[in-house]
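Engineer: What follows is a single structure, and I will ask about it in a moment.
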Amino acid sequence: MLKKSFNLGTAPRIEDFAEVSYGYRKVAVPPRALKLVAARRRRLEALLAGDRVMYGINTGFGELASQRVSAENLKALQVNLIRSHACGVGEPLEDAEAVGLMFARVNELAMGNSGVRPVIIKKLAEFINKGIIPFIPSKGSVGASGDLAPSAHMALVLIGEGMARRIGDDNWKPASAVLKKAGIRPVELAEKEGLALINGTQAMKAVGGLALFEAMNLFSSSVMAGAMSLEALKGTPGAFDRRIHALKPHPGQVEVAAKLEALLKGSKIRASHRSADKRVQDPYSLRCMPQVLGAVQDTLEHALAVFETELASVTDNPLVVSSGAGGGIDVVSGGNFHGQAVAFAADFAAIAVTALGNISERRIAQLVSDFKILPPFLARNPGLESGFMIAHVTAAALCNENKILSHPASSDSISTSANKEDFVSMGMNAALKLSTVVRNVARITAIELMAAGEGVEFHRPLKSSKALEAALAGLRKISPAFKGDEVFSDRIENVAEAVLTGYFL
């Protein structure tokens with residue numbers, strides 16, 4: 001059942017953004033937003049009639065801003081802009097990312113600071129609500145002057161060019177045919193509208209925002225997996241004593257310690273070895289979960305705050321703002337299209353999620369190599385069977401890839417546009433890397449959940465806490481207990497998908 005439509009022109013939370021992007025909500029254009037947009041457009045057209053020079057409206061772009069464009073060529077200027085900037089390469093964005101890009105752009109346009117006509121907003125909303133997916137290559141943006149190349153491919157479809165498909169269709173087709181079948185007429189762009197469609201941080205917001213949404217689900221599953229691994233290894237929850245964390249009260253650390261204590265409360269496995277346990281301390285991957293996972297949580301929440309601020313912002317250029325005198329407007333140029341804040345946040349988040357995967361891999365290593373507590377490699381018949389031996393190798397390989405990807409994109413800048421755009425954010429690359437890291441760590445966490453589940457069940461008839469037993473029962477619905485050596489690949493992918501979608505929350 002679809003939720004209530006999201007009203008464009010307002011500030012979305014990450015949940016709103018994800019729900020629209022994944023198709024769980026439609027969008028609506030409130031009359032007040034259309035009224036403001038129409039009023040601002042009329043005033044912009046009045047300025048144009050007065051022969052005022054305005055960047056990107058009646059001039060060239062970038063280093064060509066000094067070139068004045070005649071009135072009869074202003075509409076052609078916008079179409080030329082879209083065609084010339086549609087030079088993205090690589091695999092297309094996923095459906096949700098493409099929808100997220102359109103949603104981010106149309107929501108900004110509906111705030112009334114871009115000078116477009118209401119028809120542009122209505123048309124993009126129609127694209128979202130009818131499931132039109134533009135073919136948007138993922139690579140080609142440096143994250144300043146906006147995500148120009150990916151956004152231009154979106155705008156191509158708006159004018160009936162480029163490639164597209166409907167949600168649920170397998171093949172890309174000419175956009176003109178897709179729009180005709182959907183009963184949508186292409187738009188003829190007017191002054192300023194081509195620039196307004198492609199300037200802005202919408203691509204990095206879409207890719208990075210959805211990756212962050214998945215990362216928050218992943219984080220909760222990682223805490224669950226860590227608790228389950230501790231149980232399987234007969235570890236102690238003593239390191240989660242709240243008195244310890246009161247002395248180092250980072251918010252995430254305190255919260256994770258409390259979560260772990262709650263998850264482990266009432267465990268019969270712990271009760272069975274409490275008095276006989278001569279180990280003083282567990283390995284860091286178990287004992288230091290509050291300190292490590294807590295820092296990850298704090299970093300992800302910081303990144304989330306940055307992205308939600310960006311989602312509520314207007315990021316194109318030039319901007320149409322109130323002059324404060326009788327409803328008049330000014331057209332001002334600045335640099336809100338620069339994605340530095342988003343680039344930093346995506347890079348920080350990728351580093352944090354990489355650490356989340358690294359500590360998970362260390363717990364997997366403990367699960368498959370602590371032969372005093374569990375059978376070698378969790379195999380039911382060690383020697384004849386290899387158990388989780390190579391599943392751990394897969395986790396190690398994914399960790400290595402993440403360590404490469406966690407090098408920050410935002411530490412680089414390459415001057416473009418004849419040095420007019422001489423310092424750029426590389427925010428789109430940061431967002432793309434984050435998305436890959438999150439998917440990789442979901443797979444690592446899936447391996448840990450399956451391994452820890454096997455370990456907990458090895459201690460039967462003893463049972464863990466109610467919370468962990470419920471999580472294990474949920475795991476067994478999508479990954480039944482191993483009966484011997486079996487193919488892992490599909491299981492890993494299925495559990496990873498459950499992790500990303502919040503199955504274990």
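Each chain in the structure tokens gets a letter, A, B and so on, in the order shown; residues start at 1 in every chain, and ligands are counted from 1 in the order they appear.
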Apply DSSP to the structure's backbone, then extract all residues of region 214-386 of chain A labelled strand (DSSP E or B) and return them as a VMD selection string.

Structural biologist: chain A and resid 319 to 322 329 to 332 382 385

Engineer: Which neighbours of Lys477 (chain A) fall inside 12 Å, counting only C-alpha atoms, when residues of the same chain fewer than 6 positions from it are skipped, and could you give them as an NGL selection string?

Structural biologist: :A and (450 or 470-471 or 491 or 494-495 or 498 or 503-504)

Engineer: Export C-alpha atoms of the chosen residues as a PDB file, in the first residue's frame?

Structural biologist:
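The file below, out-v5.pdb, is the result:
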```pdb
ATOM      1  CA  MET A 450      25.346 -17.201   9.060  1.00  0.00           C
ATOM      2  CA  ALA A 470      14.278 -14.238  17.383  1.00  0.00           C
ATOM      3  CA  ALA A 471      16.945 -12.893  15.038  1.00  0.00           C
ATOM      4  CA  ARG A 491      22.748 -17.468   0.596  1.00  0.00           C
ATOM      5  CA  ASN A 494      19.982 -13.181  -0.015  1.00  0.00           C
ATOM      6  CA  VAL A 495      21.013 -12.444   3.558  1.00  0.00           C
ATOM      7  CA  ALA A 498      17.810  -8.655   3.934  1.00  0.00           C
ATOM      8  CA  TYR A 503      14.988  -7.271   7.827  1.00  0.00           C
ATOM      9  CA  PHE A 504      16.840  -7.659  11.117  1.00  0.00           C
TER      10      PHE A 504
END
```

Engineer: Residues within 12 Å of Tyr24 (chain A), please, as a VMD selection string. Count only C-alpha atoms; anything in the same chain fewer than 3 positions from it doesn't count.

Structural biologist: chain A and resid 1 to 6 15 to 21 27 96 99 128 to 129 131

Engineer: Can those selected residues be exported to a file as a CSV table (one decimal), in the first residue's frame so that it contains N, CA and C atoms?

Structural biologist:
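Saved to selection-v5.csv:
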```
chain,number,residue,atom,x,y,z
A,1,MET,N,0.8,-1.2,0.0
A,1,MET,CA,0.0,0.0,0.0
A,1,MET,C,0.9,1.2,0.0
A,2,LEU,N,0.6,2.2,-0.9
A,2,LEU,CA,1.4,3.4,-1.0
A,2,LEU,C,1.1,4.3,0.1
A,3,LYS,N,2.2,5.0,0.7
A,3,LYS,CA,2.0,6.0,1.7
A,3,LYS,C,1.5,7.3,1.1
A,4,LYS,N,1.1,8.2,1.9
A,4,LYS,CA,0.7,9.5,1.5
A,4,LYS,C,1.8,10.2,0.6
A,5,SER,N,1.4,10.9,-0.4
A,5,SER,CA,2.3,11.5,-1.3
A,5,SER,C,3.2,12.5,-0.6
A,6,PHE,N,4.4,12.7,-1.1
A,6,PHE,CA,5.3,13.7,-0.5
A,6,PHE,C,5.1,15.0,-1.2
A,15,GLU,N,14.2,9.1,5.2
A,15,GLU,CA,13.2,8.1,5.0
A,15,GLU,C,12.3,8.5,3.9
A,16,ASP,N,11.9,9.8,3.9
A,16,ASP,CA,11.1,10.3,2.8
A,16,ASP,C,11.8,10.1,1.4
A,17,PHE,N,13.0,10.5,1.4
A,17,PHE,CA,13.8,10.4,0.2
A,17,PHE,C,13.9,8.9,-0.3
A,18,ALA,N,14.1,8.0,0.6
A,18,ALA,CA,14.2,6.6,0.2
A,18,ALA,C,12.8,6.0,-0.2
A,19,GLU,N,11.8,6.4,0.5
A,19,GLU,CA,10.5,5.9,0.1
A,19,GLU,C,10.0,6.3,-1.3
A,20,VAL,N,10.3,7.6,-1.6
A,20,VAL,CA,10.0,8.0,-3.0
A,20,VAL,C,10.9,7.3,-4.0
A,21,SER,N,12.2,7.2,-3.7
A,21,SER,CA,13.1,6.7,-4.6
A,21,SER,C,12.8,5.2,-4.9
A,27,VAL,N,4.8,11.6,-5.5
A,27,VAL,CA,5.0,13.0,-5.1
A,27,VAL,C,3.8,13.9,-5.6
A,96,ALA,N,16.3,3.1,-8.4
A,96,ALA,CA,16.0,3.9,-7.3
A,96,ALA,C,16.9,5.2,-7.3
A,99,VAL,N,15.5,7.6,-9.9
A,99,VAL,CA,14.3,8.3,-9.4
A,99,VAL,C,14.7,9.3,-8.3
A,128,ILE,N,8.2,10.7,-12.1
A,128,ILE,CA,8.3,9.9,-10.9
A,128,ILE,C,7.1,9.0,-10.7
A,129,ASN,N,5.9,9.6,-10.8
A,129,ASN,CA,4.7,8.9,-10.4
A,129,ASN,C,4.3,7.9,-11.5
A,131,GLY,N,6.6,6.1,-13.2
A,131,GLY,CA,7.7,5.1,-13.2
A,131,GLY,C,8.6,5.2,-14.5
```

Engineer: Please list as a PyMOL selection string every residue within 6 Å of region 193-208 of chain A, counting only C-alpha atoms and excluding residues in the same chain fewer than 6 positions away.

Structural biologist: chain A and resi 78+97+100-101+104-105+116+145-148+151-152+315-316+337+428+431

Engineer: Just want the 9 Å neighbourhood of Ala343 (chain A), counted on only C-alpha atoms, with same-chain residues fewer than 2 positions away dropped. Output as a ChimeraX atom specification.

Structural biologist: /A:143,204,339-341,345-348,408-410,425-431

Engineer: Keeping only N, CA and C atoms, write the selected residues as a PDB file, in the first residue's frame.

Structural biologist:
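Listing of again-v8.pdb after writing:
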```pdb
ATOM      1  N   GLY A 143      31.404  16.822  -9.459  1.00  0.00           N
ATOM      2  CA  GLY A 143      30.757  17.310  -8.253  1.00  0.00           C
ATOM      3  C   GLY A 143      30.890  18.792  -7.983  1.00  0.00           C
ATOM      4  N   MET A 204      24.840  13.102  -6.682  1.00  0.00           N
ATOM      5  CA  MET A 204      25.563  12.615  -5.500  1.00  0.00           C
ATOM      6  C   MET A 204      24.618  12.455  -4.313  1.00  0.00           C
ATOM      7  N   GLY A 339      29.770  20.444  -4.290  1.00  0.00           N
ATOM      8  CA  GLY A 339      29.388  19.321  -3.433  1.00  0.00           C
ATOM      9  C   GLY A 339      30.379  18.966  -2.350  1.00  0.00           C
ATOM     10  N   GLN A 340      31.174  19.925  -1.872  1.00  0.00           N
ATOM     11  CA  GLN A 340      32.230  19.580  -0.912  1.00  0.00           C
ATOM     12  C   GLN A 340      31.683  18.950   0.363  1.00  0.00           C
ATOM     13  N   ALA A 341      30.619  19.514   0.916  1.00  0.00           N
ATOM     14  CA  ALA A 341      30.074  18.958   2.164  1.00  0.00           C
ATOM     15  C   ALA A 341      29.616  17.521   1.968  1.00  0.00           C
ATOM     16  N   ALA A 345      31.227  14.028   3.575  1.00  0.00           N
ATOM     17  CA  ALA A 345      30.341  13.138   4.334  1.00  0.00           C
ATOM     18  C   ALA A 345      30.343  11.731   3.751  1.00  0.00           C
ATOM     19  N   ALA A 346      30.295  11.623   2.421  1.00  0.00           N
ATOM     20  CA  ALA A 346      30.306  10.305   1.781  1.00  0.00           C
ATOM     21  C   ALA A 346      31.637   9.601   2.014  1.00  0.00           C
ATOM     22  N   ASP A 347      32.735  10.348   1.949  1.00  0.00           N
ATOM     23  CA  ASP A 347      34.041   9.744   2.213  1.00  0.00           C
ATOM     24  C   ASP A 347      34.162   9.293   3.666  1.00  0.00           C
ATOM     25  N   PHE A 348      33.734  10.148   4.594  1.00  0.00           N
ATOM     26  CA  PHE A 348      33.783   9.762   6.007  1.00  0.00           C
ATOM     27  C   PHE A 348      32.949   8.498   6.238  1.00  0.00           C
ATOM     28  N   PRO A 408      39.825   8.630   0.176  1.00  0.00           N
ATOM     29  CA  PRO A 408      38.833   9.685  -0.086  1.00  0.00           C
ATOM     30  C   PRO A 408      38.910  10.272  -1.484  1.00  0.00           C
ATOM     31  N   ALA A 409      37.783  10.324  -2.157  1.00  0.00           N
ATOM     32  CA  ALA A 409      37.692  11.022  -3.445  1.00  0.00           C
ATOM     33  C   ALA A 409      37.843  12.523  -3.242  1.00  0.00           C
ATOM     34  N   SER A 410      37.369  13.009  -2.094  1.00  0.00           N
ATOM     35  CA  SER A 410      37.337  14.454  -1.843  1.00  0.00           C
ATOM     36  C   SER A 410      38.711  15.056  -1.591  1.00  0.00           C
ATOM     37  N   SER A 425      34.727  19.048  -6.159  1.00  0.00           N
ATOM     38  CA  SER A 425      34.568  18.223  -4.955  1.00  0.00           C
ATOM     39  C   SER A 425      34.768  16.733  -5.172  1.00  0.00           C
ATOM     40  N   MET A 426      34.544  16.239  -6.367  1.00  0.00           N
ATOM     41  CA  MET A 426      34.535  14.805  -6.669  1.00  0.00           C
ATOM     42  C   MET A 426      33.486  14.071  -5.821  1.00  0.00           C
ATOM     43  N   GLY A 427      32.401  14.774  -5.507  1.00  0.00           N
ATOM     44  CA  GLY A 427      31.368  14.201  -4.643  1.00  0.00           C
ATOM     45  C   GLY A 427      30.649  13.013  -5.229  1.00  0.00           C
ATOM     46  N   MET A 428      30.447  12.985  -6.546  1.00  0.00           N
ATOM     47  CA  MET A 428      29.762  11.842  -7.148  1.00  0.00           C
ATOM     48  C   MET A 428      30.601  10.583  -7.014  1.00  0.00           C
ATOM     49  N   ASN A 429      31.904  10.697  -7.222  1.00  0.00           N
ATOM     50  CA  ASN A 429      32.767   9.528  -7.038  1.00  0.00           C
ATOM     51  C   ASN A 429      32.748   9.063  -5.585  1.00  0.00           C
ATOM     52  N   ALA A 430      32.722  10.004  -4.657  1.00  0.00           N
ATOM     53  CA  ALA A 430      32.636   9.638  -3.242  1.00  0.00           C
ATOM     54  C   ALA A 430      31.345   8.876  -2.966  1.00  0.00           C
ATOM     55  N   ALA A 431      30.248   9.328  -3.561  1.00  0.00           N
ATOM     56  CA  ALA A 431      28.960   8.655  -3.358  1.00  0.00           C
ATOM     57  C   ALA A 431      28.946   7.265  -3.978  1.00  0.00           C
TER      58      ALA A 431
END
```

Engineer: What's around His392 (chain A) at 10 Å? Count only C-alpha atoms, leave out sequence neighbours fewer than 4 positions away in its own chain, and write the answer as a ChimeraX atom specification.

Structural biologist: /A:361-365,367-368,377,387-388,396-398,444,447-448,451

Engineer: Residues at most 9 Å from Ile351 (chain A), counting only C-alpha atoms, excluding those fewer than 6 positions away in the same chain, as number ranges by chain?

Structural biologist: A: 296, 402-403, 405-408, 434, 437

Engineer: Write a file of the just-selected residues containing N, CA and C atoms, as a compact mmCIF listing (two decimals), in the first residue's frame.

Structural biologist:
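File produced: out-v3.txt:
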```txt
# COMPACT_ATOMS: atom_id res chain seq x y z
N VAL A 296 31.44 4.31 14.51
CA VAL A 296 30.80 4.18 13.20
C VAL A 296 29.42 4.84 13.23
N ASN A 402 37.29 -2.86 -0.04
CA ASN A 402 36.81 -1.69 0.70
C ASN A 402 37.95 -0.78 1.14
N LYS A 403 39.08 -1.38 1.50
CA LYS A 403 40.22 -0.57 1.93
C LYS A 403 40.73 0.29 0.77
N LEU A 405 38.73 1.32 -1.72
CA LEU A 405 37.66 2.29 -1.98
C LEU A 405 37.55 3.35 -0.89
N SER A 406 38.10 3.08 0.28
CA SER A 406 37.95 4.07 1.36
C SER A 406 38.97 5.20 1.25
N HIS A 407 39.84 5.15 0.25
CA HIS A 407 40.67 6.33 -0.03
C HIS A 407 39.73 7.46 -0.44
N PRO A 408 39.83 8.63 0.18
CA PRO A 408 38.83 9.69 -0.09
C PRO A 408 38.91 10.27 -1.48
N LEU A 434 30.93 4.95 -1.80
CA LEU A 434 30.18 4.61 -0.60
C LEU A 434 29.16 3.52 -0.88
N VAL A 437 30.94 0.17 -1.09
CA VAL A 437 31.40 -0.26 0.23
C VAL A 437 30.24 -0.80 1.07
```

Engineer: Please return, as a PDB file with N, CA and C atoms, in the first residue's frame, all residues of region 369-438 of chain A that DSSP assigns to helix (DSSP H, G or I) on the basis of the backbone.

Structural biologist:
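Saved file states_8.pdb follows:
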```pdb
ATOM      1  N   SER A 369      38.147 -20.211  13.665  1.00  0.00           N
ATOM      2  CA  SER A 369      39.475 -20.671  14.089  1.00  0.00           C
ATOM      3  C   SER A 369      39.617 -20.911  15.592  1.00  0.00           C
ATOM      4  N   PRO A 376      36.258 -26.867  13.914  1.00  0.00           N
ATOM      5  CA  PRO A 376      37.065 -26.164  12.920  1.00  0.00           C
ATOM      6  C   PRO A 376      36.230 -25.708  11.720  1.00  0.00           C
ATOM      7  N   PHE A 377      36.298 -24.412  11.445  1.00  0.00           N
ATOM      8  CA  PHE A 377      35.607 -23.795  10.309  1.00  0.00           C
ATOM      9  C   PHE A 377      34.088 -24.015  10.346  1.00  0.00           C
ATOM     10  N   LEU A 378      33.584 -24.341  11.547  1.00  0.00           N
ATOM     11  CA  LEU A 378      32.147 -24.569  11.758  1.00  0.00           C
ATOM     12  C   LEU A 378      31.628 -25.725  10.905  1.00  0.00           C
ATOM     13  N   MET A 389      35.266 -22.138   5.700  1.00  0.00           N
ATOM     14  CA  MET A 389      36.646 -21.772   5.395  1.00  0.00           C
ATOM     15  C   MET A 389      36.733 -20.724   4.281  1.00  0.00           C
ATOM     16  N   ILE A 390      36.071 -20.972   3.172  1.00  0.00           N
ATOM     17  CA  ILE A 390      36.215 -20.079   2.021  1.00  0.00           C
ATOM     18  C   ILE A 390      35.211 -18.926   2.084  1.00  0.00           C
ATOM     19  N   ALA A 391      34.148 -19.089   2.855  1.00  0.00           N
ATOM     20  CA  ALA A 391      33.268 -17.936   3.092  1.00  0.00           C
ATOM     21  C   ALA A 391      34.057 -16.838   3.798  1.00  0.00           C
ATOM     22  N   HIS A 392      34.941 -17.242   4.709  1.00  0.00           N
ATOM     23  CA  HIS A 392      35.806 -16.258   5.364  1.00  0.00           C
ATOM     24  C   HIS A 392      36.757 -15.625   4.350  1.00  0.00           C
ATOM     25  N   VAL A 393      37.244 -16.399   3.403  1.00  0.00           N
ATOM     26  CA  VAL A 393      38.123 -15.853   2.366  1.00  0.00           C
ATOM     27  C   VAL A 393      37.377 -14.791   1.551  1.00  0.00           C
ATOM     28  N   THR A 394      36.111 -15.050   1.239  1.00  0.00           N
ATOM     29  CA  THR A 394      35.300 -14.061   0.521  1.00  0.00           C
ATOM     30  C   THR A 394      35.195 -12.768   1.318  1.00  0.00           C
ATOM     31  N   ALA A 395      34.966 -12.890   2.618  1.00  0.00           N
ATOM     32  CA  ALA A 395      34.900 -11.698   3.474  1.00  0.00           C
ATOM     33  C   ALA A 395      36.215 -10.933   3.441  1.00  0.00           C
ATOM     34  N   ALA A 396      37.331 -11.663   3.463  1.00  0.00           N
ATOM     35  CA  ALA A 396      38.640 -11.012   3.415  1.00  0.00           C
ATOM     36  C   ALA A 396      38.837 -10.271   2.101  1.00  0.00           C
ATOM     37  N   ALA A 397      38.404 -10.873   1.003  1.00  0.00           N
ATOM     38  CA  ALA A 397      38.536 -10.229  -0.306  1.00  0.00           C
ATOM     39  C   ALA A 397      37.712  -8.950  -0.374  1.00  0.00           C
ATOM     40  N   LEU A 398      36.509  -8.979   0.180  1.00  0.00           N
ATOM     41  CA  LEU A 398      35.657  -7.791   0.186  1.00  0.00           C
ATOM     42  C   LEU A 398      36.264  -6.693   1.057  1.00  0.00           C
ATOM     43  N   CYS A 399      36.863  -7.091   2.179  1.00  0.00           N
ATOM     44  CA  CYS A 399      37.528  -6.097   3.031  1.00  0.00           C
ATOM     45  C   CYS A 399      38.659  -5.411   2.290  1.00  0.00           C
ATOM     46  N   ASN A 400      39.427  -6.184   1.539  1.00  0.00           N
ATOM     47  CA  ASN A 400      40.526  -5.600   0.787  1.00  0.00           C
ATOM     48  C   ASN A 400      40.026  -4.588  -0.228  1.00  0.00           C
ATOM     49  N   GLU A 401      38.942  -4.921  -0.937  1.00  0.00           N
ATOM     50  CA  GLU A 401      38.377  -3.979  -1.903  1.00  0.00           C
ATOM     51  C   GLU A 401      37.911  -2.709  -1.204  1.00  0.00           C
ATOM     52  N   ASN A 402      37.288  -2.863  -0.040  1.00  0.00           N
ATOM     53  CA  ASN A 402      36.809  -1.689   0.698  1.00  0.00           C
ATOM     54  C   ASN A 402      37.954  -0.784   1.140  1.00  0.00           C
ATOM     55  N   LYS A 403      39.079  -1.378   1.503  1.00  0.00           N
ATOM     56  CA  LYS A 403      40.222  -0.568   1.931  1.00  0.00           C
ATOM     57  C   LYS A 403      40.733   0.288   0.773  1.00  0.00           C
ATOM     58  N   ILE A 404      40.651  -0.256  -0.436  1.00  0.00           N
ATOM     59  CA  ILE A 404      41.024   0.528  -1.615  1.00  0.00           C
ATOM     60  C   ILE A 404      40.011   1.652  -1.831  1.00  0.00           C
ATOM     61  N   LEU A 405      38.725   1.316  -1.718  1.00  0.00           N
ATOM     62  CA  LEU A 405      37.661   2.286  -1.981  1.00  0.00           C
ATOM     63  C   LEU A 405      37.547   3.348  -0.886  1.00  0.00           C
ATOM     64  N   ALA A 409      37.783  10.324  -2.157  1.00  0.00           N
ATOM     65  CA  ALA A 409      37.692  11.022  -3.445  1.00  0.00           C
ATOM     66  C   ALA A 409      37.843  12.523  -3.242  1.00  0.00           C
ATOM     67  N   SER A 410      37.369  13.009  -2.094  1.00  0.00           N
ATOM     68  CA  SER A 410      37.337  14.454  -1.843  1.00  0.00           C
ATOM     69  C   SER A 410      38.711  15.056  -1.591  1.00  0.00           C
ATOM     70  N   SER A 411      39.745  14.218  -1.474  1.00  0.00           N
ATOM     71  CA  SER A 411      41.095  14.762  -1.295  1.00  0.00           C
ATOM     72  C   SER A 411      41.706  15.190  -2.628  1.00  0.00           C
ATOM     73  N   GLY A 427      32.401  14.774  -5.507  1.00  0.00           N
ATOM     74  CA  GLY A 427      31.368  14.201  -4.643  1.00  0.00           C
ATOM     75  C   GLY A 427      30.649  13.013  -5.229  1.00  0.00           C
ATOM     76  N   MET A 428      30.447  12.985  -6.546  1.00  0.00           N
ATOM     77  CA  MET A 428      29.762  11.842  -7.148  1.00  0.00           C
ATOM     78  C   MET A 428      30.601  10.583  -7.014  1.00  0.00           C
ATOM     79  N   ASN A 429      31.904  10.697  -7.222  1.00  0.00           N
ATOM     80  CA  ASN A 429      32.767   9.528  -7.038  1.00  0.00           C
ATOM     81  C   ASN A 429      32.748   9.063  -5.585  1.00  0.00           C
ATOM     82  N   ALA A 430      32.722  10.004  -4.657  1.00  0.00           N
ATOM     83  CA  ALA A 430      32.636   9.638  -3.242  1.00  0.00           C
ATOM     84  C   ALA A 430      31.345   8.876  -2.966  1.00  0.00           C
ATOM     85  N   ALA A 431      30.248   9.328  -3.561  1.00  0.00           N
ATOM     86  CA  ALA A 431      28.960   8.655  -3.358  1.00  0.00           C
ATOM     87  C   ALA A 431      28.946   7.265  -3.978  1.00  0.00           C
ATOM     88  N   LEU A 432      29.491   7.139  -5.180  1.00  0.00           N
ATOM     89  CA  LEU A 432      29.541   5.832  -5.842  1.00  0.00           C
ATOM     90  C   LEU A 432      30.385   4.848  -5.045  1.00  0.00           C
ATOM     91  N   LYS A 433      31.516   5.315  -4.506  1.00  0.00           N
ATOM     92  CA  LYS A 433      32.356   4.448  -3.688  1.00  0.00           C
ATOM     93  C   LYS A 433      31.615   4.007  -2.426  1.00  0.00           C
ATOM     94  N   LEU A 434      30.934   4.946  -1.801  1.00  0.00           N
ATOM     95  CA  LEU A 434      30.180   4.610  -0.597  1.00  0.00           C
ATOM     96  C   LEU A 434      29.164   3.516  -0.883  1.00  0.00           C
ATOM     97  N   SER A 435      28.468   3.639  -1.996  1.00  0.00           N
ATOM     98  CA  SER A 435      27.457   2.639  -2.337  1.00  0.00           C
ATOM     99  C   SER A 435      28.080   1.253  -2.461  1.00  0.00           C
ATOM    100  N   THR A 436      29.230   1.158  -3.109  1.00  0.00           N
ATOM    101  CA  THR A 436      29.904  -0.137  -3.270  1.00  0.00           C
ATOM    102  C   THR A 436      30.364  -0.685  -1.925  1.00  0.00           C
ATOM    103  N   VAL A 437      30.937   0.175  -1.085  1.00  0.00           N
ATOM    104  CA  VAL A 437      31.404  -0.263   0.232  1.00  0.00           C
ATOM    105  C   VAL A 437      30.237  -0.796   1.066  1.00  0.00           C
ATOM    106  N   VAL A 438      29.114  -0.095   1.050  1.00  0.00           N
ATOM    107  CA  VAL A 438      27.949  -0.536   1.831  1.00  0.00           C
ATOM    108  C   VAL A 438      27.487  -1.913   1.362  1.00  0.00           C
TER     109      VAL A 438
END
```

Engineer: One decimal, Å: what's the distance from CA of Met102 (chain A) over to CA of Leu179 (chain A), could you say?

Structural biologist: 15.7 Å

Engineer: One decimal, Å: what's the distance from CA of Ala76 (chain A) over to CA of Ala33 (chain A), could you say?

Structural biologist: 27.6 Å

Engineer: Suppose you want the space between CA of Pro318 (chain A) and CA of Asn80 (chain A); what is it in Å?

Structural biologist: 18.1 Å

Engineer: Which one of A:Ala215, A:Leu264, A:Val306, A:Met111 sits closest to Ala496 (chain A) if you count only C-alpha atoms?

Structural biologist: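 Comparing A:Ala215, A:Leu264, A:Val306, A:Met111 against Ala496 (chain A), the winner is A:Ala215.
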
Engineer: Which one is closest to Ile167 (chain A): A:Leu500, A:Leu124, A:Ala98, A:Ala11? Count only C-alpha atoms.

Structural biologist: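 Of A:Leu500, A:Leu124, A:Ala98, A:Ala11, the one nearest Ile167 (chain A), counting only C-alpha atoms, is A:Ala98.
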